[in-house]
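Asks: I am attaching a structure below and will ask some questions about it afterwards.
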Amino acid sequence: RMTDIFKQEYGVTPKEYADSLRLRAAMERLAGTQEKVINVAYQSGFSSLAAFNRFFKQQTGQTPTQYRKNAKV
């Protein structure tokens with residue numbers, strides 16, 4: 001299966017890879033812009049703010065708002 005080949009080659013499933021790209025893009029937007037979090041969520045491909053917040057916290061240990069606040073230098 002294609003999924004197995006992808007995982008063997010890259011060490012993650014295609015979904016995990018896509019999620020990592022979406023997370024990276026969201027983190028860049030949160031740190032580099034003042035866009036509303038809900039807009040970042042939708043632009044990152046999430047269907048709701050709640051789903052985005054849950055995914056973001058699961059992956060980073062912080063909410064998107066906390067991440068943005070901590071990313072400011």
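Chain labels run A, B, ... following the order of the structure tokens; each chain numbers its residues from 1, and ligands are numbered from 1 in the order shown.
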Which residues come within 10 Å of Tyr67 (chain A), counting only C-alpha atoms, excluding same-chain residues fewer than 3 positions away, as a PyMOL selection string?

Replies: chain A and resi 27+30-31+56-57+60-64+70-72

Asks: In Å, rounded to a single decimal, give me how far CA of Phe6 (chain A) is from CA of Arg22 (chain A).

Replies: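 Distance between the two atoms: 18.1 Å.
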
Asks: Chain A: which residues are helix (DSSP H, G or I) by DSSP, as a PyMOL selection string?

Replies: chain A and resi 2-10+14-32+37-43+49-60+64-71

Asks: For CA of Arg1 (chain A) and CA of Pro14 (chain A), quote the distance in Å rounded to one decimal.

Replies: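 Distance between the two atoms: 12.0 Å.
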
Asks: With only C-alpha atoms as the counted atoms, please give the residues lying no more than 12 Å from Gln43 (chain A), apart from itself and same-chain residues fewer than 2 positions off, as a list of chain:residue names.

Replies: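 Near neighbours after the sequence-gap exclusion: A:Arg22, A:Leu23, A:Ala25, A:Ala26, A:Met27, A:Arg29, A:Leu30, A:Glu35, A:Lys36, A:Val37, A:Ile38, A:Asn39, A:Val40, A:Ala41, A:Gly45, A:Phe46, A:Ser47, A:Ser48, A:Leu49, A:Phe52.
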
Asks: Got time to write the residues from that selection, N, CA and C atoms, as a PDB file, in the first residue's frame?

Replies:
ATOM      1  N   ARG A  22       0.528  21.599   8.521  1.00  0.00           N
ATOM      2  CA  ARG A  22      -0.520  22.530   8.951  1.00  0.00           C
ATOM      3  C   ARG A  22      -0.134  23.189  10.269  1.00  0.00           C
ATOM      4  N   LEU A  23       0.424  22.411  11.194  1.00  0.00           N
ATOM      5  CA  LEU A  23       0.831  22.955  12.482  1.00  0.00           C
ATOM      6  C   LEU A  23       1.953  23.979  12.303  1.00  0.00           C
ATOM      7  N   ALA A  25       2.650  25.809   9.689  1.00  0.00           N
ATOM      8  CA  ALA A  25       2.099  27.019   9.064  1.00  0.00           C
ATOM      9  C   ALA A  25       1.312  27.840  10.080  1.00  0.00           C
ATOM     10  N   ALA A  26       0.539  27.172  10.914  1.00  0.00           N
ATOM     11  CA  ALA A  26      -0.240  27.874  11.946  1.00  0.00           C
ATOM     12  C   ALA A  26       0.688  28.552  12.950  1.00  0.00           C
ATOM     13  N   MET A  27       1.744  27.874  13.347  1.00  0.00           N
ATOM     14  CA  MET A  27       2.685  28.454  14.304  1.00  0.00           C
ATOM     15  C   MET A  27       3.352  29.698  13.725  1.00  0.00           C
ATOM     16  N   ARG A  29       2.108  31.710  11.441  1.00  0.00           N
ATOM     17  CA  ARG A  29       1.101  32.779  11.396  1.00  0.00           C
ATOM     18  C   ARG A  29       0.848  33.359  12.776  1.00  0.00           C
ATOM     19  N   LEU A  30       0.765  32.489  13.773  1.00  0.00           N
ATOM     20  CA  LEU A  30       0.505  32.972  15.132  1.00  0.00           C
ATOM     21  C   LEU A  30       1.650  33.846  15.629  1.00  0.00           C
ATOM     22  N   GLU A  35      -3.248  38.144  13.100  1.00  0.00           N
ATOM     23  CA  GLU A  35      -4.507  37.561  12.645  1.00  0.00           C
ATOM     24  C   GLU A  35      -5.240  36.925  13.815  1.00  0.00           C
ATOM     25  N   LYS A  36      -6.547  36.979  13.768  1.00  0.00           N
ATOM     26  CA  LYS A  36      -7.337  36.317  14.805  1.00  0.00           C
ATOM     27  C   LYS A  36      -7.061  34.819  14.749  1.00  0.00           C
ATOM     28  N   VAL A  37      -7.071  34.197  15.911  1.00  0.00           N
ATOM     29  CA  VAL A  37      -6.786  32.767  16.004  1.00  0.00           C
ATOM     30  C   VAL A  37      -7.776  31.975  15.146  1.00  0.00           C
ATOM     31  N   ILE A  38      -9.024  32.376  15.133  1.00  0.00           N
ATOM     32  CA  ILE A  38     -10.010  31.641  14.341  1.00  0.00           C
ATOM     33  C   ILE A  38      -9.670  31.695  12.857  1.00  0.00           C
ATOM     34  N   ASN A  39      -9.152  32.827  12.384  1.00  0.00           N
ATOM     35  CA  ASN A  39      -8.749  32.924  10.980  1.00  0.00           C
ATOM     36  C   ASN A  39      -7.551  32.023  10.694  1.00  0.00           C
ATOM     37  N   VAL A  40      -6.610  31.973  11.617  1.00  0.00           N
ATOM     38  CA  VAL A  40      -5.457  31.086  11.464  1.00  0.00           C
ATOM     39  C   VAL A  40      -5.940  29.634  11.409  1.00  0.00           C
ATOM     40  N   ALA A  41      -6.904  29.298  12.256  1.00  0.00           N
ATOM     41  CA  ALA A  41      -7.449  27.936  12.275  1.00  0.00           C
ATOM     42  C   ALA A  41      -8.035  27.569  10.924  1.00  0.00           C
ATOM     43  N   GLY A  45      -6.734  24.911   7.637  1.00  0.00           N
ATOM     44  CA  GLY A  45      -7.494  23.740   7.218  1.00  0.00           C
ATOM     45  C   GLY A  45      -8.357  23.093   8.268  1.00  0.00           C
ATOM     46  N   PHE A  46      -8.535  23.749   9.395  1.00  0.00           N
ATOM     47  CA  PHE A  46      -9.381  23.190  10.439  1.00  0.00           C
ATOM     48  C   PHE A  46     -10.815  23.651  10.247  1.00  0.00           C
ATOM     49  N   SER A  47     -11.756  22.787  10.585  1.00  0.00           N
ATOM     50  CA  SER A  47     -13.164  23.086  10.356  1.00  0.00           C
ATOM     51  C   SER A  47     -13.787  23.885  11.489  1.00  0.00           C
ATOM     52  N   SER A  48     -13.096  23.949  12.618  1.00  0.00           N
ATOM     53  CA  SER A  48     -13.623  24.722  13.747  1.00  0.00           C
ATOM     54  C   SER A  48     -12.484  25.191  14.640  1.00  0.00           C
ATOM     55  N   LEU A  49     -12.767  26.231  15.400  1.00  0.00           N
ATOM     56  CA  LEU A  49     -11.782  26.743  16.349  1.00  0.00           C
ATOM     57  C   LEU A  49     -11.508  25.706  17.435  1.00  0.00           C
ATOM     58  N   PHE A  52      -9.115  23.085  16.172  1.00  0.00           N
ATOM     59  CA  PHE A  52      -7.780  23.672  16.073  1.00  0.00           C
ATOM     60  C   PHE A  52      -7.137  23.788  17.449  1.00  0.00           C
TER      61      PHE A  52
END

Asks: Rounded to one decimal place, report the CA of Ile5 (chain A)-CA of Ala51 (chain A) distance in Å.

Replies: 28.9 Å

Asks: So, counting only C-alpha atoms, which residue among A:Ser44, A:Thr3, A:Asn53, A:Thr33 is closest to Glu16 (chain A)?

Replies: A:Thr3
